[in-house]
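Have a look at coords_5.csv; it's CSV, C-alpha atoms and all ligand atoms:
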```csv
chain,number,residue,atom,x,y,z
I,41,MET,CA,8.0,-45.3,-4.0
I,42,VAL,CA,6.1,-44.2,-7.2
I,43,CYS,CA,3.2,-43.1,-5.1
I,44,PHE,CA,5.5,-41.1,-2.9
I,45,LEU,CA,7.0,-39.3,-5.9
I,46,TRP,CA,3.6,-38.5,-7.2
I,47,ILE,CA,2.7,-37.0,-3.9
I,48,VAL,CA,5.9,-34.9,-3.8
I,49,LEU,CA,5.2,-33.8,-7.4
I,50,ILE,CA,1.6,-32.7,-6.6
I,51,ILE,CA,2.8,-30.8,-3.5
I,52,VAL,CA,5.5,-29.0,-5.6
I,53,PHE,CA,2.9,-28.2,-8.3
I,54,LEU,CA,0.4,-26.8,-5.7
I,55,VAL,CA,3.1,-24.8,-3.9
I,56,LEU,CA,4.4,-23.3,-7.2
I,57,THR,CA,0.8,-22.5,-8.4
I,58,PHE,CA,0.0,-20.8,-5.1
I,59,LYS,CA,3.2,-18.9,-5.2
I,60,TYR,CA,2.5,-17.8,-8.8
I,61,TYR,CA,-1.0,-16.5,-8.1
I,62,PHE,CA,-0.4,-15.0,-4.7
I,63,GLY,CA,3.3,-14.3,-4.5
I,64,THR,CA,4.1,-12.8,-7.8
I,65,THR,CA,3.4,-9.4,-9.2
I,66,ARG,CA,3.7,-7.3,-12.3
I,67,TRP,CA,6.1,-4.4,-12.2
I,68,CYS,CA,5.3,-0.8,-13.0
I,69,LYS,CA,7.3,-0.1,-16.1
I,70,SER,CA,6.8,3.7,-16.3
I,71,THR,CA,10.0,5.6,-16.4
I,72,VAL,CA,8.3,9.0,-15.9
I,73,LYS,CA,10.3,11.6,-13.9
I,74,LEU,CA,8.6,13.7,-11.3
I,75,ASN,CA,10.9,16.6,-10.8
I,76,GLY,CA,9.1,19.7,-9.6
I,77,LYS,CA,6.0,17.6,-8.5
I,78,THR,CA,4.8,17.1,-5.0
I,79,ALA,CA,3.5,13.7,-3.7
I,80,LEU,CA,1.7,13.2,-0.4
I,81,ILE,CA,1.6,9.6,1.0
I,82,THR,CA,-0.4,8.8,4.1
I,83,GLY,CA,1.5,6.0,6.0
I,84,GLY,CA,4.6,6.5,4.0
I,85,ASN,CA,7.0,5.7,6.9
I,86,ILE,CA,6.8,1.9,6.7
I,87,GLY,CA,5.5,-1.0,4.6
I,88,ILE,CA,4.0,-0.4,1.1
I,89,GLY,CA,3.8,3.3,1.6
I,90,LYS,CA,7.5,3.5,2.3
I,91,ALA,CA,8.4,1.5,-0.8
I,92,THR,CA,6.2,3.8,-2.8
I,93,ALA,CA,7.8,6.9,-1.2
I,94,ILE,CA,11.3,5.5,-2.2
I,95,ASP,CA,10.1,5.0,-5.8
I,96,LEU,CA,8.6,8.5,-6.1
I,97,ALA,CA,11.7,10.1,-4.5
I,98,ASN,CA,13.8,8.2,-7.0
I,99,ARG,CA,11.8,9.9,-9.8
I,100,GLY,CA,12.7,13.3,-8.3
I,101,ALA,CA,9.4,14.2,-6.6
I,102,ARG,CA,9.1,16.2,-3.4
I,103,VAL,CA,7.6,13.5,-1.1
I,104,ILE,CA,5.6,14.3,2.1
I,105,ILE,CA,5.2,11.4,4.4
I,106,ALA,CA,2.1,11.7,6.6
I,107,SER,CA,1.7,9.4,9.5
I,108,ARG,CA,1.7,9.2,13.3
I,109,ASN,CA,5.2,7.9,14.1
I,110,LYS,CA,7.7,10.7,13.6
I,111,GLU,CA,10.7,8.6,14.7
I,112,LYS,CA,10.0,5.9,12.0
I,113,ALA,CA,9.4,8.7,9.5
I,114,ILE,CA,12.7,10.4,10.2
I,115,GLN,CA,14.5,7.0,9.8
I,116,THR,CA,12.7,6.5,6.5
I,117,ILE,CA,13.6,10.0,5.3
I,118,ARG,CA,17.2,9.3,6.0
I,119,GLU,CA,17.0,5.9,4.2
I,120,ILE,CA,15.3,7.5,1.2
I,121,TYR,CA,18.1,10.1,1.0
I,122,GLU,CA,20.8,7.4,1.2
I,123,LYS,CA,19.1,5.3,-1.5
I,124,THR,CA,18.0,8.1,-3.9
I,125,GLY,CA,20.0,11.2,-3.1
I,126,ASN,CA,16.7,13.1,-2.9
I,127,ASP,CA,16.7,15.4,0.1
I,128,ASN,CA,13.3,16.9,-0.6
I,129,ILE,CA,11.4,14.6,1.6
I,130,SER,CA,9.5,15.7,4.7
I,131,PHE,CA,7.2,14.5,7.5
I,132,MET,CA,3.9,15.8,8.6
I,133,TYR,CA,2.0,14.4,11.6
I,134,LEU,CA,-1.3,12.9,10.7
I,135,ASP,CA,-3.6,10.6,12.6
I,136,LEU,CA,-6.5,9.6,10.4
I,137,MET,CA,-8.5,8.3,13.4
I,138,ASP,CA,-8.9,11.9,14.6
I,139,LEU,CA,-10.8,14.1,12.2
I,140,GLU,CA,-9.8,17.3,14.1
I,141,VAL,CA,-6.1,16.3,13.3
I,142,VAL,CA,-7.1,15.6,9.7
I,143,ARG,CA,-8.6,19.1,9.4
I,144,GLN,CA,-5.5,20.7,11.0
I,145,PHE,CA,-3.3,18.7,8.7
I,146,ALA,CA,-5.2,20.0,5.6
I,147,LYS,CA,-4.9,23.6,6.8
I,148,GLN,CA,-1.2,23.3,7.5
I,149,PHE,CA,-0.6,21.6,4.2
I,150,LEU,CA,-2.5,24.4,2.3
I,151,LYS,CA,-0.5,27.0,4.2
I,152,GLU,CA,2.9,25.5,3.7
I,153,GLU,CA,2.9,23.7,0.4
I,154,LYS,CA,2.7,25.3,-3.0
I,155,ARG,CA,1.2,22.3,-4.9
I,156,LEU,CA,-0.1,18.8,-4.7
I,157,ASP,CA,0.3,16.6,-7.8
I,158,ILE,CA,-0.1,13.1,-6.4
I,159,LEU,CA,-2.1,12.1,-3.4
I,160,ILE,CA,-1.7,8.5,-2.2
I,161,ASN,CA,-4.3,7.5,0.5
I,162,ASN,CA,-2.2,4.5,1.4
I,163,SER,CA,-3.3,4.2,5.0
I,164,GLY,CA,-6.6,4.4,6.8
I,165,THR,CA,-8.7,4.7,3.7
I,166,HIS,CA,-8.7,3.7,0.1
I,167,VAL,CA,-10.9,6.7,-0.9
I,168,THR,CA,-8.9,8.1,-3.8
I,169,ALA,CA,-9.3,8.8,-7.5
I,170,ASN,CA,-8.4,5.2,-8.2
I,171,SER,CA,-8.1,2.4,-5.7
I,172,VAL,CA,-5.6,-0.4,-5.7
I,173,HIS,CA,-5.0,-3.8,-4.1
I,174,PRO,CA,-1.3,-4.4,-3.4
I,175,GLY,CA,-1.5,-8.3,-3.3
I,176,LEU,CA,-0.6,-10.2,-0.2
I,177,VAL,CA,2.3,-8.4,1.5
I,178,ALA,CA,4.1,-9.4,4.6
I,179,THR,CA,3.9,-6.1,6.6
I,180,ASP,CA,3.2,-5.1,10.2
I,181,ILE,CA,-0.5,-4.8,9.4
I,182,ILE,CA,-0.7,-8.6,8.9
I,183,MET,CA,2.3,-9.9,10.9
I,184,THR,CA,1.6,-8.0,14.2
I,185,PRO,CA,-1.9,-9.3,14.8
I,186,LEU,CA,-0.8,-12.8,13.8
I,187,LYS,CA,2.1,-12.6,16.3
I,188,SER,CA,-0.3,-11.7,19.0
I,189,VAL,CA,-2.8,-14.5,18.4
I,190,LEU,CA,-0.4,-17.4,17.5
I,191,PRO,CA,1.7,-19.3,20.1
I,192,GLU,CA,5.3,-18.2,19.8
I,193,LYS,CA,6.6,-21.6,18.4
I,194,LEU,CA,3.8,-21.8,15.9
I,195,TYR,CA,4.5,-18.2,14.8
I,196,LEU,CA,8.2,-19.0,14.3
I,197,VAL,CA,7.2,-21.8,11.9
I,198,PHE,CA,4.5,-19.8,10.2
I,199,ASP,CA,6.6,-16.6,9.6
I,200,PRO,CA,9.0,-17.9,7.0
I,201,TRP,CA,6.2,-19.7,5.2
I,202,PHE,CA,4.1,-16.7,5.0
I,203,ARG,CA,7.0,-14.6,3.8
I,204,PHE,CA,7.7,-17.1,1.1
I,205,PHE,CA,4.1,-17.0,-0.2
I,206,SER,CA,3.7,-13.2,0.0
I,207,LEU,CA,5.2,-10.2,-1.7
I,208,ASP,CA,7.9,-7.9,-0.3
I,209,CYS,CA,7.1,-4.2,0.2
I,210,THR,CA,8.8,-3.2,-3.1
I,211,ALA,CA,6.7,-5.6,-5.1
I,212,GLY,CA,3.6,-4.7,-3.1
I,213,ALA,CA,4.1,-1.0,-3.9
I,214,GLN,CA,4.1,-1.6,-7.7
I,215,THR,CA,0.3,-1.2,-8.3
I,216,THR,CA,0.2,2.0,-6.1
I,217,ILE,CA,3.2,3.4,-8.1
I,218,PHE,CA,1.5,2.4,-11.3
I,219,ALA,CA,-1.8,4.1,-10.4
I,220,ALA,CA,0.2,7.2,-9.3
I,221,VAL,CA,2.5,7.7,-12.3
I,222,ASP,CA,1.7,5.5,-15.3
I,223,GLU,CA,1.0,7.8,-18.3
I,224,SER,CA,-1.8,5.6,-19.6
I,225,LEU,CA,-3.9,6.5,-16.5
I,226,THR,CA,-3.7,10.2,-16.8
I,227,THR,CA,-7.5,10.5,-17.4
I,228,VAL,CA,-8.6,7.3,-15.8
I,229,THR,CA,-10.5,7.7,-12.6
I,230,GLY,CA,-12.8,5.7,-10.3
I,231,LYS,CA,-11.2,2.3,-11.3
I,232,TYR,CA,-9.7,-0.5,-9.3
I,233,PHE,CA,-6.3,-1.9,-10.0
I,234,GLY,CA,-4.3,-5.0,-9.0
I,235,HIS,CA,-1.0,-6.4,-10.4
I,236,CYS,CA,-0.5,-3.2,-12.3
I,237,ARG,CA,-3.6,-3.6,-14.4
I,238,LEU,CA,-7.3,-3.0,-14.3
I,239,ALA,CA,-8.8,-5.5,-11.8
I,240,TRP,CA,-12.2,-7.1,-11.6
I,241,ASP,CA,-14.3,-5.1,-9.1
I,242,ASN,CA,-17.1,-6.5,-7.0
I,243,LYS,CA,-20.6,-6.0,-8.4
I,244,LEU,CA,-21.5,-4.1,-5.2
I,245,ALA,CA,-18.9,-1.5,-6.1
I,246,GLN,CA,-21.0,-0.7,-9.2
I,247,ASP,CA,-24.3,-0.5,-7.3
I,248,ASP,CA,-25.0,3.2,-7.2
I,249,GLU,CA,-27.6,2.8,-4.4
I,250,ALA,CA,-25.2,0.8,-2.2
I,251,CYS,CA,-22.4,3.4,-2.9
I,252,GLN,CA,-24.6,6.3,-1.9
I,253,GLN,CA,-25.6,4.4,1.3
I,254,LEU,CA,-21.9,3.8,2.1
I,255,TRP,CA,-21.1,7.5,1.4
I,256,ASP,CA,-24.0,8.7,3.6
I,257,TYR,CA,-23.0,6.4,6.4
I,258,SER,CA,-19.3,7.5,6.2
I,259,MET,CA,-20.4,11.1,6.3
I,260,LYS,CA,-22.5,10.4,9.4
I,261,MET,CA,-19.7,8.5,11.1
I,262,CYS,CA,-17.3,11.4,10.4
I,263,GLY,CA,-19.8,13.8,11.9
I,264,LEU,CA,-20.1,15.7,8.6
I,265,THR,CA,-23.9,15.4,8.3
I,301,LIG,N1,-0.1,-6.0,3.5
I,301,LIG,C1,-1.1,-6.5,2.7
I,301,LIG,O1,-1.1,-7.7,2.3
I,301,LIG,C2,-2.3,-5.6,2.3
I,301,LIG,C3,-3.3,-6.2,1.6
I,301,LIG,C4,-4.4,-5.4,1.2
I,301,LIG,C5,-4.4,-4.0,1.5
I,301,LIG,N2,-3.4,-3.5,2.2
I,301,LIG,C6,-3.5,-2.0,2.5
I,301,LIG,O2,-2.3,-1.4,2.2
I,301,LIG,C7,-2.1,-0.2,3.0
I,301,LIG,C8,-0.7,-0.1,3.6
I,301,LIG,O3,-0.5,-1.2,4.5
I,301,LIG,P1,0.9,-2.0,4.8
I,301,LIG,O4,0.7,-3.4,4.5
I,301,LIG,O5,2.0,-1.2,4.2
I,301,LIG,O6,0.9,-1.9,6.4
I,301,LIG,P2,2.0,-1.3,7.4
I,301,LIG,O7,3.4,-1.7,7.0
I,301,LIG,O8,1.5,-1.7,8.8
I,301,LIG,O9,1.8,0.3,7.3
I,301,LIG,C9,0.7,1.0,7.7
I,301,LIG,C10,0.9,2.5,7.6
I,301,LIG,O10,-0.3,3.2,7.9
I,301,LIG,C11,0.1,4.2,8.9
I,301,LIG,N3,-1.1,4.4,9.7
I,301,LIG,C12,-1.7,3.5,10.5
I,301,LIG,N4,-2.7,4.0,11.2
I,301,LIG,C13,-2.7,5.4,10.9
I,301,LIG,C14,-3.5,6.5,11.3
I,301,LIG,N5,-4.5,6.4,12.1
I,301,LIG,N6,-3.2,7.7,10.7
I,301,LIG,C15,-2.2,7.8,9.8
I,301,LIG,N7,-1.4,6.8,9.4
I,301,LIG,C16,-1.7,5.6,9.9
I,301,LIG,C17,1.3,3.6,9.6
I,301,LIG,O11,2.1,4.7,10.2
I,301,LIG,P3,2.0,5.2,11.7
I,301,LIG,O12,1.8,4.0,12.6
I,301,LIG,O13,3.3,6.0,11.9
I,301,LIG,O14,0.8,6.1,11.7
I,301,LIG,C18,2.0,3.0,8.5
I,301,LIG,O15,2.8,3.9,7.8
I,301,LIG,C19,-3.2,-0.3,4.1
I,301,LIG,O16,-4.3,0.6,3.7
I,301,LIG,C20,-3.7,-1.7,4.0
I,301,LIG,O17,-5.0,-1.9,4.4
I,301,LIG,C21,-2.3,-4.2,2.6
```
Kindly present the structure from the file in C-alpha cells form.
Amino acid sequence: MVCFLWIVLIIVFLVLTFKYYFGTTRWCKSTVKLNGKTALITGGNIGIGKATAIDLANRGARVIIASRNKEKAIQTIREIYEKTGNDNISFMYLDLMDLEVVRQFAKQFLKEEKRLDILINNSGTHVTANSVHPGLVATDIIMTPLKSVLPEKLYLVFDPWFRFFSLDCTAGAQTTIFAAVDESLTTVTGKYFGHCRLAWDNKLAQDDEACQQLWDYSMKMCGLT
C-alpha cells in the first residue's frame, strides 16, 4: 500500500512538473493602447495569430489578417468585432509559398495602406526584427498531422492529454504580443523571446558564418540571387 502511494505521489509530482514547464506561460502585462496604429499579422485567421489579432484589436489597432483562407478570416474578423468592438480589421490574401503572390501582396499593401507599425510574421517564417517561441500550443499545425498518423482510437485518448499539457492559443500568443507591444522592447532587435522574456538562443544562431550561409541559401531558394 505504501509503495502504491509513493508511486502515485511520484506520478503526480512528474505530471505537475511537466505541466509547469511546458504548460504554463507568463503573461504580457503591457497595457499600451494602439489607436491609430496598423498591425499586419500573417496567419492571423486561426491559432496563435488569431489570439494575437484579438489582443491587438482590443488595444485599438487597425489589424490586417494575411492568410490563404478567406472564409476563416471573415469568421475571425466577425469574432474580433464581437469581442472587442473594433471594426477596423481586414483580410488580405497571402500565400507565403508563392513568391509572386508575396510580391503582389506587398505592392497592394503599399498602394492601399497608409502605414505599418507592427509586422508579425506569425506564419511561414520567423524572419522578423525579433523572433519568438510560443511554447507548446495545441493548434491545427500540431493536431492535424497527429490525427492523420495516429489510429483514431489512440488519437481520441491522446487528444485530451495533449491539450492538458499544452497551452491554449491565448496563452500561446502572449510572447508574440509581448514582442510586438511591450514598451521595454522599443529599441530591442535581433533577439529571441519565450515566456515573455529573453530566451536562451542556440549557439548556431550567433555564428555569423552559419547565419550568412543560411541567408545566402534562403535567397537562392527564393530565386533572388
Ligand atoms: N503550436 C505550437 O506549439 C508552435 C510551436 C512553435 C512554433 N509555432 C509557430 O507558431 C506559428 C503559428 O502557428 P499555430 O500554432 O498558430 O498554427 P495554426 O493554428 O495551424 O495556424 C497557422 C496559420 O498560418 C497560416 N498559413 C499557413 N500556411 C500559410 C501560407 N502558405 N501562407 C500564408 N499563411 C499561411 C494559416 O492560415 P491559412 O491556412 O488560411 O493560410 C494559419 O493562420 C507558426 O509559425 C508555427 O510554426 C507553433
Sorted per-residue table, chain I near ligand LIG 301 (chain I), closest atoms and distance, 7 Å, all atoms listed in the file, as CSV:
```
residue,atom,partner,partner_atom,distance
I:Thr82,CA,I:LIG301,N7,5.8
I:Gly83,CA,I:LIG301,O15,3.1
I:Gly84,CA,I:LIG301,O15,4.9
I:Asn85,CA,I:LIG301,O15,4.7
I:Ile86,CA,I:LIG301,O15,4.6
I:Gly87,CA,I:LIG301,O7,3.3
I:Ile88,CA,I:LIG301,O5,3.8
I:Gly89,CA,I:LIG301,O5,5.5
I:Ala106,CA,I:LIG301,C15,6.6
I:Ser107,CA,I:LIG301,N7,4.0
I:Arg108,CA,I:LIG301,O14,3.6
I:Asn109,CA,I:LIG301,O13,3.5
I:Lys110,CA,I:LIG301,O13,6.7
I:Lys112,CA,I:LIG301,O13,6.7
I:Leu134,CA,I:LIG301,C15,5.3
I:Asp135,CA,I:LIG301,N6,3.5
I:Leu136,CA,I:LIG301,N6,3.8
I:Met137,CA,I:LIG301,N5,4.6
I:Asn162,CA,I:LIG301,C7,5.0
I:Ser163,CA,I:LIG301,O16,4.0
I:Gly164,CA,I:LIG301,O16,5.4
I:Thr165,CA,I:LIG301,O16,6.0
I:His166,CA,I:LIG301,O16,6.5
I:His173,CA,I:LIG301,C4,5.6
I:Pro174,CA,I:LIG301,C4,5.6
I:Gly175,CA,I:LIG301,C3,5.6
I:Leu176,CA,I:LIG301,O1,3.6
I:Val177,CA,I:LIG301,O1,3.6
I:Ala178,CA,I:LIG301,N1,5.5
I:Thr179,CA,I:LIG301,O7,4.4
I:Asp180,CA,I:LIG301,O8,4.1
I:Ile181,CA,I:LIG301,O8,3.7
I:Ile182,CA,I:LIG301,N1,6.0
```
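Note that atom CA of Glu223 of chain I and atom CA of Ala97 of chain I are 17.6 Å apart.
The gap separating atom CA of Asn242 of chain I from atom CA of Leu54 of chain I is 26.8 Å, in Å to one decimal.
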>> Given only C-alpha atoms as the basis, pick out the residue of I:Glu152, I:Asn128, I:Ser171, I:Leu139 nearest to Met259 of chain I.
In response: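 Under the stated criterion, the closest residue is I:Leu139.
Here the question is which of I:Gln115, I:Thr57, I:Gln144, I:Gln253 gets nearest to Ser130 of chain I using only C-alpha atoms, and that residue is I:Gln115.
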>> I'd like to know which of I:Leu80, I:Leu207, I:Leu196, I:Val72 is closest to Arg99 of chain I, using all atoms listed in the file.
In response: I:Val72
> In Å, how far is it from atom CA of Lys69 of chain I to atom CA of Leu225 of chain I?
Replying inline: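 Interatomic distance, atom CA of Lys69 of chain I to atom CA of Leu225 of chain I: 13.0 Å.
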>> Considering all atoms listed in the file, can you say which of I:Phe44, I:Phe58, I:Met132, I:Ile158 comes closest to Phe202 of chain I?
In response: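 The shortest atom-to-atom distance to Phe202 of chain I comes from I:Phe58.
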>> Counting only C-alpha atoms, which residue out of I:Ile51, I:Asp157, I:Trp67, I:Ile81 sits closest to His235 of chain I?
In response: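 Using only C-alpha atoms, His235 of chain I sits closest to I:Trp67.
Nearest to Leu96 of chain I of all the residues I:Ile217, I:Val141, I:Ile114, I:Leu254 is I:Ile217, counting all atoms listed in the file.
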>> Can you pull out the residues contacting Arg237 of chain I? Cut-off 10 Å, using only C-alpha atoms, and skip same-chain residues under 2 positions away; I want them as a VMD selection string.
In response: chain I and resid 66 to 68 172 215 218 to 219 232 to 235 239 to 240
What box, with edges along x, y and z, holds each listed atom of segment 43-56 of chain I when 4 Å is added on every side, and can you state its centre and edge lengths in Å to one decimal, as AutoDock Vina command-line options?
```
--center_x 3.7 --center_y -33.2 --center_z -5.6 --size_x 14.6 --size_y 27.8 --size_z 13.4
```
> Excluding same-chain residues fewer than 6 positions from Asp95 of chain I, what lies within 10 Å of it counting all atoms listed in the file, as a PyMOL selection string?
Replying inline: chain I and resi 89+101+120+123-124+210+213-214+217
